[in-house]
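Visitor: This is final19.csv, which holds CSV, C-alpha atoms:
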```
chain,number,residue,atom,x,y,z
A,394,MET,CA,0.0,0.0,0.0
A,395,THR,CA,1.3,3.4,-0.9
A,396,ASP,CA,1.8,6.2,1.7
A,397,SER,CA,-1.1,8.2,0.1
A,398,ALA,CA,-3.4,5.1,0.2
A,399,ALA,CA,-2.6,4.4,3.8
A,400,LEU,CA,-3.5,8.0,4.7
A,401,ARG,CA,-6.7,7.9,2.8
A,402,ARG,CA,-7.7,4.7,4.5
A,403,ALA,CA,-7.0,6.3,7.9
A,404,LEU,CA,-9.1,9.3,6.8
A,405,ASP,CA,-12.0,7.0,5.9
A,406,THR,CA,-12.5,6.6,9.7
A,407,VAL,CA,-13.0,10.4,10.3
A,408,ILE,CA,-16.7,11.1,10.5
A,409,ASP,CA,-18.0,14.6,9.8
A,410,PRO,CA,-19.7,15.6,13.1
A,411,GLU,CA,-22.6,17.2,11.3
A,412,LEU,CA,-23.2,15.0,8.3
A,413,ARG,CA,-22.2,11.8,10.1
A,414,ARG,CA,-20.5,10.3,7.1
A,415,PRO,CA,-16.7,9.8,6.3
A,416,ILE,CA,-15.0,13.0,5.1
A,417,THR,CA,-13.5,11.0,2.3
A,418,GLU,CA,-17.0,10.0,1.1
A,419,LEU,CA,-18.1,13.7,1.2
A,420,GLY,CA,-15.2,14.9,-1.0
A,421,MET,CA,-13.7,16.9,1.9
A,422,VAL,CA,-10.2,15.6,1.5
A,423,GLU,CA,-8.4,17.5,-1.2
A,424,SER,CA,-5.0,16.0,-0.7
A,425,ALA,CA,-3.1,13.6,1.6
A,426,GLN,CA,0.6,12.8,1.3
A,427,LEU,CA,3.5,11.7,3.4
A,428,ASN,CA,6.9,13.4,3.1
A,429,ASP,CA,9.9,12.4,5.3
A,430,GLY,CA,7.6,11.3,8.1
A,431,THR,CA,5.4,14.4,7.9
A,432,ALA,CA,1.8,13.7,6.9
A,433,GLN,CA,0.3,16.7,5.0
A,434,VAL,CA,-3.5,16.7,4.7
A,435,LYS,CA,-5.7,19.4,3.3
A,436,VAL,CA,-9.4,19.2,4.3
A,437,LEU,CA,-12.1,21.3,2.7
A,438,LEU,CA,-14.8,22.6,5.0
A,439,THR,CA,-18.3,23.0,3.7
A,440,ILE,CA,-18.4,26.7,4.8
A,441,ALA,CA,-15.8,29.1,6.1
A,442,GLY,CA,-17.5,29.5,9.5
A,443,CYS,CA,-17.9,25.8,10.1
A,444,PRO,CA,-18.6,25.4,13.8
A,445,MET,CA,-17.0,22.0,13.9
A,446,ARG,CA,-13.7,22.9,12.3
A,447,SER,CA,-11.6,22.3,15.5
A,448,THR,CA,-13.3,18.9,15.9
A,449,ILE,CA,-12.5,17.9,12.3
A,450,GLU,CA,-8.9,19.1,12.6
A,451,SER,CA,-8.4,17.1,15.8
A,452,ASP,CA,-10.0,13.9,14.5
A,453,VAL,CA,-8.0,14.1,11.3
A,454,THR,CA,-4.8,14.6,13.3
A,455,THR,CA,-5.6,11.6,15.5
A,456,ALA,CA,-6.4,9.3,12.6
A,457,VAL,CA,-3.4,10.1,10.5
A,458,ALA,CA,-1.0,10.0,13.4
A,459,ALA,CA,-1.7,6.3,13.8
A,460,VAL,CA,-0.5,5.5,10.3
A,461,ALA,CA,2.9,3.7,10.2
A,462,GLY,CA,5.8,6.0,9.4
A,463,VAL,CA,4.0,9.2,10.4
A,464,GLN,CA,6.0,11.3,12.9
A,465,GLN,CA,4.3,14.6,12.5
A,466,VAL,CA,0.9,15.8,11.1
A,467,GLU,CA,0.1,19.0,9.3
A,468,VAL,CA,-3.5,19.7,8.7
A,469,THR,CA,-4.6,22.6,6.4
A,470,LEU,CA,-8.2,23.7,6.4
A,471,GLY,CA,-9.7,25.1,3.3
A,472,VAL,CA,-13.2,25.8,2.1
A,473,MET,CA,-15.2,24.2,-0.7
A,474,ASP,CA,-15.9,26.4,-3.7
A,475,PRO,CA,-19.5,26.7,-5.1
A,476,HIS,CA,-19.0,23.9,-7.5
A,477,GLN,CA,-17.8,21.5,-4.8
A,478,ARG,CA,-20.7,22.4,-2.6
A,479,ALA,CA,-23.1,21.8,-5.4
A,480,GLU,CA,-21.5,18.3,-5.9
A,481,LEU,CA,-21.9,17.7,-2.1
A,482,ARG,CA,-25.6,18.7,-2.2
A,483,ASP,CA,-26.2,16.4,-5.1
A,484,ARG,CA,-24.4,13.5,-3.4
A,485,LEU,CA,-26.4,14.0,-0.2
A,486,LYS,CA,-29.7,14.5,-2.0
A,487,ALA,CA,-29.3,11.2,-3.7
A,488,LYS,CA,-29.1,9.5,-0.3
A,489,ARG,CA,-31.8,11.6,1.5
A,490,THR,CA,-34.6,9.5,3.0
A,491,VAL,CA,-38.0,10.7,1.9
A,492,PHE,CA,-39.9,10.4,5.2
A,493,SER,CA,-43.3,10.8,3.6
A,494,ASP,CA,-42.7,7.9,1.3
A,495,PRO,CA,-45.0,4.9,2.4
A,496,ASP,CA,-42.1,2.6,1.7
A,497,SER,CA,-39.6,4.5,3.9
A,498,LEU,CA,-37.8,2.3,6.4
A,499,THR,CA,-37.6,5.1,9.0
A,500,ARG,CA,-40.0,4.6,11.9
A,501,ILE,CA,-41.7,8.0,12.6
A,502,ILE,CA,-43.0,8.5,16.2
A,503,ALA,CA,-44.9,11.7,17.0
A,504,VAL,CA,-45.0,12.2,20.8
A,505,ALA,CA,-48.3,13.9,21.8
A,506,SER,CA,-50.1,15.0,24.9
A,507,GLY,CA,-53.5,16.6,25.5
A,508,LYS,CA,-52.1,19.3,27.8
A,509,GLY,CA,-48.9,20.9,28.7
A,510,GLY,CA,-46.9,20.1,31.8
A,511,VAL,CA,-47.0,16.3,31.6
A,512,GLY,CA,-43.3,16.0,30.7
A,513,LYS,CA,-43.8,15.2,27.0
A,514,SER,CA,-40.7,17.0,25.8
A,515,SER,CA,-38.4,15.5,28.5
A,516,VAL,CA,-39.7,12.0,27.7
A,517,THR,CA,-39.1,12.6,24.0
A,518,ALA,CA,-35.5,13.9,24.6
A,519,ASN,CA,-34.7,10.9,26.8
A,520,LEU,CA,-36.2,8.4,24.3
A,521,ALA,CA,-34.1,9.9,21.5
A,522,ALA,CA,-30.9,9.8,23.6
A,523,ALA,CA,-31.6,6.2,24.8
A,524,MET,CA,-32.3,5.0,21.2
A,525,ALA,CA,-29.1,6.6,20.0
A,526,ALA,CA,-27.2,5.0,22.8
A,527,ASN,CA,-28.6,1.6,21.7
A,528,GLY,CA,-26.9,2.1,18.3
A,529,LEU,CA,-29.9,3.5,16.3
A,530,ASN,CA,-29.6,6.4,13.9
A,531,VAL,CA,-32.0,8.9,15.5
A,532,GLY,CA,-33.5,12.3,14.4
A,533,LEU,CA,-35.5,14.6,16.6
A,534,ILE,CA,-37.8,17.4,15.3
A,535,ASP,CA,-39.0,19.9,17.9
A,536,ALA,CA,-42.5,20.5,16.4
A,537,ASP,CA,-43.7,22.5,19.3
A,538,VAL,CA,-42.9,25.8,17.6
A,539,HIS,CA,-44.6,28.0,20.2
A,540,GLY,CA,-43.2,26.2,23.2
A,541,PHE,CA,-39.9,24.8,21.9
A,542,SER,CA,-37.7,23.3,24.6
A,543,ILE,CA,-35.7,20.5,22.9
A,544,PRO,CA,-32.5,22.5,22.3
A,545,SER,CA,-32.3,23.3,26.1
A,546,LEU,CA,-33.1,19.7,27.1
A,547,MET,CA,-30.5,18.3,24.7
A,548,GLY,CA,-27.8,20.9,25.7
A,549,ILE,CA,-27.6,22.5,22.2
A,550,THR,CA,-26.4,26.1,22.0
A,551,GLN,CA,-24.9,26.3,18.5
A,552,PRO,CA,-27.1,27.1,15.4
A,553,PRO,CA,-27.5,24.7,12.5
A,554,THR,CA,-24.9,24.9,9.7
A,555,ARG,CA,-26.2,26.1,6.3
A,556,VAL,CA,-24.7,24.8,3.1
A,557,ASP,CA,-26.4,27.0,0.6
A,558,GLU,CA,-30.0,25.9,0.8
A,559,MET,CA,-29.3,22.8,2.8
A,560,ILE,CA,-29.4,22.8,6.7
A,561,LEU,CA,-27.2,20.5,8.7
A,562,PRO,CA,-28.8,19.8,12.1
A,563,PRO,CA,-26.7,19.9,15.2
A,564,VAL,CA,-25.9,16.5,16.8
A,565,ALA,CA,-26.3,16.1,20.5
A,566,HIS,CA,-25.8,12.8,22.4
A,567,GLY,CA,-25.8,11.0,19.0
A,568,VAL,CA,-29.1,12.6,18.0
A,569,LYS,CA,-29.6,14.9,15.0
A,570,VAL,CA,-31.9,17.7,16.3
A,571,ILE,CA,-33.7,20.6,14.7
A,572,SER,CA,-35.9,23.3,16.3
A,573,ILE,CA,-37.2,26.7,15.5
A,574,GLY,CA,-35.4,27.8,18.6
A,575,MET,CA,-32.1,27.4,16.9
A,576,PHE,CA,-32.9,30.2,14.4
A,577,LEU,CA,-33.9,32.8,17.0
A,578,ASP,CA,-31.5,35.4,18.4
A,579,SER,CA,-32.9,35.2,21.9
A,580,ASN,CA,-35.8,33.7,23.8
A,581,GLN,CA,-38.3,35.6,21.8
A,582,PRO,CA,-41.9,34.3,21.2
A,583,VAL,CA,-42.9,32.8,17.9
A,584,ILE,CA,-46.2,34.4,16.9
A,585,TRP,CA,-47.3,32.3,14.0
A,586,ARG,CA,-50.6,31.0,12.7
A,587,GLY,CA,-51.5,27.7,11.0
A,588,PRO,CA,-50.0,28.1,7.5
A,589,MET,CA,-46.7,29.3,8.9
A,590,LEU,CA,-46.5,26.4,11.3
A,591,HIS,CA,-47.2,24.0,8.4
A,592,ARG,CA,-44.5,25.6,6.3
A,593,ALA,CA,-42.0,25.4,9.2
A,594,LEU,CA,-42.5,21.6,9.5
A,595,GLU,CA,-42.4,21.2,5.8
A,596,GLN,CA,-39.0,22.9,5.7
A,597,PHE,CA,-37.7,20.8,8.6
A,598,LEU,CA,-38.6,17.7,6.5
A,599,THR,CA,-37.2,18.9,3.2
A,600,ASP,CA,-34.4,21.3,3.8
A,601,VAL,CA,-32.7,19.6,6.8
A,602,TYR,CA,-30.3,16.8,6.0
A,603,PHE,CA,-31.0,14.0,8.4
A,604,GLY,CA,-29.5,11.3,6.3
A,605,ASP,CA,-30.5,7.7,6.8
A,606,LEU,CA,-32.5,7.3,10.0
A,607,ASP,CA,-33.8,4.3,11.9
A,608,VAL,CA,-36.2,6.5,14.0
A,609,LEU,CA,-37.5,10.0,13.6
A,610,LEU,CA,-39.1,11.5,16.7
A,611,LEU,CA,-41.3,14.5,16.7
A,612,ASP,CA,-42.1,16.5,19.9
A,613,LEU,CA,-45.6,17.8,19.1
A,614,PRO,CA,-47.3,20.7,20.8
A,615,PRO,CA,-50.0,19.9,23.3
A,616,GLY,CA,-53.5,19.4,22.0
A,617,THR,CA,-55.0,18.7,18.6
A,618,GLY,CA,-54.2,21.9,16.8
A,619,ASP,CA,-52.6,22.9,13.5
A,620,MET,CA,-49.2,21.1,13.9
A,621,ALA,CA,-50.9,17.7,14.8
A,622,ILE,CA,-52.9,18.0,11.6
A,623,SER,CA,-49.8,19.0,9.6
A,624,VAL,CA,-47.8,16.0,10.9
A,625,SER,CA,-50.6,13.6,9.7
A,626,GLN,CA,-50.6,15.3,6.3
A,627,LEU,CA,-46.9,15.5,5.7
A,628,LEU,CA,-46.0,12.2,7.4
A,629,PRO,CA,-49.0,9.9,6.8
A,630,ASN,CA,-47.0,6.9,8.0
A,631,SER,CA,-46.2,8.4,11.4
A,632,GLU,CA,-47.4,6.8,14.6
A,633,LEU,CA,-48.6,8.5,17.8
A,634,LEU,CA,-47.2,7.9,21.4
A,635,VAL,CA,-49.5,9.6,24.0
A,636,ILE,CA,-48.0,11.0,27.2
A,637,THR,CA,-50.2,11.6,30.3
A,638,THR,CA,-50.0,11.8,34.1
A,639,PRO,CA,-52.2,9.6,36.3
A,640,GLN,CA,-54.4,12.6,37.0
A,641,SER,CA,-58.0,12.2,35.7
A,642,THR,CA,-58.0,15.7,34.1
A,643,ALA,CA,-54.8,14.9,32.2
A,644,THR,CA,-56.0,11.6,31.0
A,645,GLN,CA,-59.3,13.0,29.8
A,646,VAL,CA,-57.5,15.7,27.7
A,647,ALA,CA,-54.9,13.2,26.5
A,648,GLU,CA,-57.7,11.0,25.2
A,649,ARG,CA,-58.5,13.7,22.7
A,650,ALA,CA,-54.9,13.7,21.5
A,651,GLY,CA,-55.2,9.9,20.9
A,652,THR,CA,-58.6,9.8,19.3
A,653,ILE,CA,-57.4,12.3,16.7
A,654,ALA,CA,-56.1,9.2,15.0
A,655,LEU,CA,-59.7,8.4,14.0
A,656,GLN,CA,-59.6,11.4,11.7
A,657,THR,CA,-55.9,11.4,10.7
A,658,LYS,CA,-55.6,7.6,10.2
A,659,GLN,CA,-52.4,7.4,12.2
A,660,LYS,CA,-51.8,4.5,14.6
A,661,VAL,CA,-51.5,5.1,18.3
A,662,ILE,CA,-48.7,2.7,19.4
A,663,GLY,CA,-49.1,3.2,23.2
A,664,VAL,CA,-49.5,5.3,26.3
A,665,VAL,CA,-46.8,6.5,28.7
A,666,GLU,CA,-47.8,7.5,32.2
A,667,ASN,CA,-45.3,10.1,33.5
A,668,MET,CA,-44.9,11.2,37.1
A,669,SER,CA,-46.7,8.1,38.2
A,670,TYR,CA,-45.4,8.1,41.8
A,671,LEU,CA,-42.7,9.5,44.1
A,672,SER,CA,-40.6,7.0,45.9
A,673,LEU,CA,-40.1,7.8,49.6
A,674,PRO,CA,-37.1,7.0,51.8
A,675,ASP,CA,-39.0,4.3,53.6
A,676,GLY,CA,-39.6,2.5,50.3
A,677,SER,CA,-43.3,3.5,50.0
A,678,LYS,CA,-44.8,5.3,47.1
A,679,MET,CA,-46.6,8.6,47.2
A,680,GLU,CA,-49.1,8.9,44.3
A,681,ILE,CA,-49.1,12.7,44.0
A,682,PHE,CA,-51.2,12.9,40.9
A,683,GLY,CA,-53.5,10.0,41.7
A,684,THR,CA,-53.4,6.5,40.3
A,685,GLY,CA,-54.6,4.5,37.3
A,686,GLY,CA,-54.9,7.3,34.8
A,687,GLY,CA,-52.6,5.7,32.2
A,688,GLN,CA,-54.4,2.4,32.4
A,689,ARG,CA,-57.8,4.0,32.0
A,690,LEU,CA,-56.5,5.9,29.0
A,691,SER,CA,-55.1,2.8,27.5
A,692,GLU,CA,-58.4,1.0,27.8
A,693,SER,CA,-60.4,3.9,26.5
A,694,LEU,CA,-58.2,4.4,23.4
A,695,SER,CA,-58.2,0.6,22.7
A,696,SER,CA,-62.0,0.6,22.9
A,697,GLN,CA,-62.5,3.6,20.6
A,698,LEU,CA,-59.7,2.8,18.1
A,699,GLN,CA,-60.6,-0.9,18.0
A,700,TYR,CA,-57.1,-2.2,18.5
A,701,SER,CA,-54.8,-2.6,21.4
A,702,VAL,CA,-53.2,0.6,22.7
A,703,PRO,CA,-51.0,-0.7,25.5
A,704,LEU,CA,-49.7,1.2,28.6
A,705,LEU,CA,-46.0,1.0,27.7
A,706,ALA,CA,-44.5,2.5,30.8
A,707,GLN,CA,-45.2,4.2,34.2
A,708,LEU,CA,-42.4,6.6,34.9
A,709,PRO,CA,-41.6,7.6,38.5
A,710,LEU,CA,-41.3,11.3,39.5
A,711,GLU,CA,-37.6,11.9,40.2
A,712,GLU,CA,-35.5,15.0,40.8
A,713,ALA,CA,-32.8,13.5,38.5
A,714,VAL,CA,-35.0,14.2,35.5
A,715,ARG,CA,-35.2,17.9,36.3
A,716,VAL,CA,-31.5,18.1,37.0
A,717,GLY,CA,-30.5,16.4,33.8
A,718,SER,CA,-32.9,18.6,31.8
A,719,ASP,CA,-31.5,21.8,33.3
A,720,GLN,CA,-28.0,20.6,32.4
A,721,GLY,CA,-28.9,19.6,28.9
A,722,VAL,CA,-28.1,15.9,29.5
A,723,PRO,CA,-31.0,13.5,29.4
A,724,VAL,CA,-31.4,11.5,32.6
A,725,VAL,CA,-30.8,8.2,30.7
A,726,LEU,CA,-27.2,9.5,30.3
A,727,SER,CA,-26.7,11.7,33.4
A,728,THR,CA,-28.1,9.3,36.0
A,729,PRO,CA,-28.4,5.9,34.2
A,730,GLU,CA,-28.8,4.0,37.4
A,731,SER,CA,-31.9,5.8,38.5
A,732,PRO,CA,-35.3,4.0,38.3
A,733,VAL,CA,-36.7,6.5,35.9
A,734,ALA,CA,-33.7,6.2,33.6
A,735,GLN,CA,-34.0,2.4,33.6
A,736,SER,CA,-37.8,2.7,32.8
A,737,LEU,CA,-37.0,5.1,29.9
A,738,ARG,CA,-34.3,2.8,28.5
A,739,GLU,CA,-36.7,-0.1,28.6
A,740,LEU,CA,-39.3,2.0,26.8
A,741,ALA,CA,-36.7,2.9,24.2
A,742,ILE,CA,-36.0,-0.7,23.6
A,743,LYS,CA,-39.7,-1.5,23.2
A,744,LEU,CA,-40.1,1.3,20.6
A,745,GLY,CA,-36.9,0.4,18.8
A,746,GLN,CA,-37.6,-3.3,18.4
A,747,ARG,CA,-39.4,-3.1,15.1
A,748,PRO,CA,-36.9,-4.3,12.5
A,749,ARG,CA,-36.0,-2.2,9.5
A,750,GLY,CA,-36.8,-4.7,6.8
A,751,LEU,CA,-38.5,-5.1,3.5
A,752,ALA,CA,-40.9,-7.8,4.7
A,753,GLY,CA,-44.5,-7.0,3.6
A,754,ARG,CA,-43.4,-4.2,1.3
A,755,SER,CA,-43.9,-4.1,-2.5
A,756,LEU,CA,-40.8,-3.8,-4.5
A,757,PRO,CA,-40.6,-2.5,-8.1
A,758,MET,CA,-39.7,-5.1,-10.7
A,759,SER,CA,-38.7,-4.7,-14.3
A,760,PHE,CA,-38.3,-7.3,-17.0
```
Could you quickly redo this structure as structure tokens?

Guide:
Amino acid sequence: MTDSAALRRALDTVIDPELRRPITELGMVESAQLNDGTAQVKVLLTIAGCPMRSTIESDVTTAVAAVAGVQQVEVTLGVMDPHQRAELRDRLKAKRTVFSDPDSLTRIIAVASGKGGVGKSSVTANLAAAMAANGLNVGLIDADVHGFSIPSLMGITQPPTRVDEMILPPVAHGVKVISIGMFLDSNQPVIWRGPMLHRALEQFLTDVYFGDLDVLLLDLPPGTGDMAISVSQLLPNSELLVITTPQSTATQVAERAGTIALQTKQKVIGVVENMSYLSLPDGSKMEIFGTGGGQRLSESLSSQLQYSVPLLAQLPLEEAVRVGSDQGVPVVLSTPESPVAQSLRELAIKLGQRPRGLAGRSLPMSF
């Protein structure tokens, strides 16, 4: 193997932190050569202000330094010209998953609730992080435009990178994340009506490069408003996961979020009861918000939808969830030994068990 080939093979292991694909495959390596023990590598960034330039430089240095005969590494960072960026867009577009395609292998789960304050967003963020930790390729869309919180819950402070008209979502805890909050200068309110909400979701699905995903999660706003309808229209193969607390009022309102499936033709895959109980030092449980609400909701939805809507999990109320959320590290990662983290990981396994296969799908044939 020539020196140049050995360097290229080493660079095959360097993954772009935003696109999540090898930099060699993306056409980012302009040159790589070894001269008298010094490896000289020139890498082309997608844009001049690439926020991950230091990460790329560090990863390239580490990978190349491990090649036999390399004593010193010199990494030069350049920028793609318009023609090279166009080639990159075309290359990525050819591999882009069309989530609205009925034959898409990506499982799409929209996380819904009837009312706010039941922990829907924190459950969604933890499910995404747990699934990614299990080795799945996960995307997360913060579809709660008016009440966005996913960037904070996932610890994301940097804006998305734009490559001309294409948006590269930030990656946090192995999850590709997009939210309207990433495009605002401060914590300003978003005062939009239905058509603008629909357009925002449409742009998230078409302009953002998620790549090949196993699971796409959407954090829906509470209730059955415009965004819930837009999701059913733009992603007809999406499924609903309903979050509630044990409280009777919460389950009654959550029932509406589930029965919307009668009109939208989505499948409700299950119910999650959050804040089910508080464990006390003596080992007993305090049911602060009552008891049995999740099971009643499961039975009611099963009856109305005419198929089984199981109660998938009952999550305890723990301070660790709040602490992890404030720190931008989901509790499944920050305090993995806690009971709530264990329950969330078990839920993530249940939801991620469906294999990505071609069984039951029609395949085009030509003769």

Visitor: Determine the nearest neighbour of Met473 of chain A from the options A:Val531, A:Ile573, A:Ala706, A:Met421, counting all atoms listed in the file.

Guide: A:Met421

Visitor: Nearest to Asp557 of chain A: which of A:Ile440, A:Val722, A:Val538, A:Leu427 is it, counting only C-alpha atoms?

Guide: A:Ile440

Visitor: For a test of reading the model, state the distance in Å between atom CA of Gly676 of chain A and atom CA of Ala643 of chain A, rounded to one decimal.

Guide: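 Between atom CA of Gly676 of chain A and atom CA of Ala643 of chain A the gap works out to 26.7 Å.
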
Visitor: Rounded to one decimal place, report the atom CA of Met547 of chain A-atom CA of Ala565 of chain A distance in Å.

Guide: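 So the answer is 6.3 Å.
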
Visitor: With only C-alpha atoms as the atoms that count, which of A:Gln426, A:Ser397, A:Asn527, A:Thr652 lies nearest to Leu726 of chain A?

Guide: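 Using only C-alpha atoms, Leu726 of chain A sits closest to A:Asn527.
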
Visitor: Record the distance separating atom CA of Val556 of chain A and atom CA of Ala479 of chain A, expressed in Å with one decimal.

Guide: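 Value for the atom CA of Val556 of chain A-atom CA of Ala479 of chain A distance: 9.2 Å.
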
Visitor: Pick out the residues sitting within 9 Å of Leu533 of chain A, and hand them over as a list in words; count all atoms listed in the file, and ignore anything fewer than 4 positions along from it in its own chain.

Guide: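 Here the answer would be Thr517, Ala518, Ala521, Ile543, Val568, Lys569, Val570, Ile571, Ser572, Val608, Leu609, Leu610, Leu611 and Asp612 of chain A.
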
Visitor: Using only C-alpha atoms for the distances, tell me which of A:Leu737, A:Leu704, A:Val724, A:Ala461 is nearest to Asp396 of chain A.

Guide: A:Ala461

Visitor: Between A:Glu680, A:Glu648, A:Glu467, A:Glu411, which is the closest to Ser424 of chain A once you count only C-alpha atoms?

Guide: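 With only C-alpha atoms as the atom set, the closest residue is A:Glu467.
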
Visitor: Can you pull segment 547-558 of chain A out of that block with C-alpha atoms and hand it back as a PDB file, in the first residue's frame?

Guide:
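Heads up, here's the output in selection17.pdb:
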```pdb
ATOM      1  CA  MET A 547     -30.456  18.315  24.707  1.00  0.00           C
ATOM      2  CA  GLY A 548     -27.828  20.909  25.667  1.00  0.00           C
ATOM      3  CA  ILE A 549     -27.620  22.481  22.192  1.00  0.00           C
ATOM      4  CA  THR A 550     -26.414  26.076  21.982  1.00  0.00           C
ATOM      5  CA  GLN A 551     -24.927  26.270  18.479  1.00  0.00           C
ATOM      6  CA  PRO A 552     -27.088  27.076  15.430  1.00  0.00           C
ATOM      7  CA  PRO A 553     -27.454  24.679  12.499  1.00  0.00           C
ATOM      8  CA  THR A 554     -24.897  24.914   9.702  1.00  0.00           C
ATOM      9  CA  ARG A 555     -26.170  26.055   6.315  1.00  0.00           C
ATOM     10  CA  VAL A 556     -24.654  24.751   3.102  1.00  0.00           C
ATOM     11  CA  ASP A 557     -26.385  27.036   0.630  1.00  0.00           C
ATOM     12  CA  GLU A 558     -30.040  25.922   0.817  1.00  0.00           C
TER      13      GLU A 558
END
```
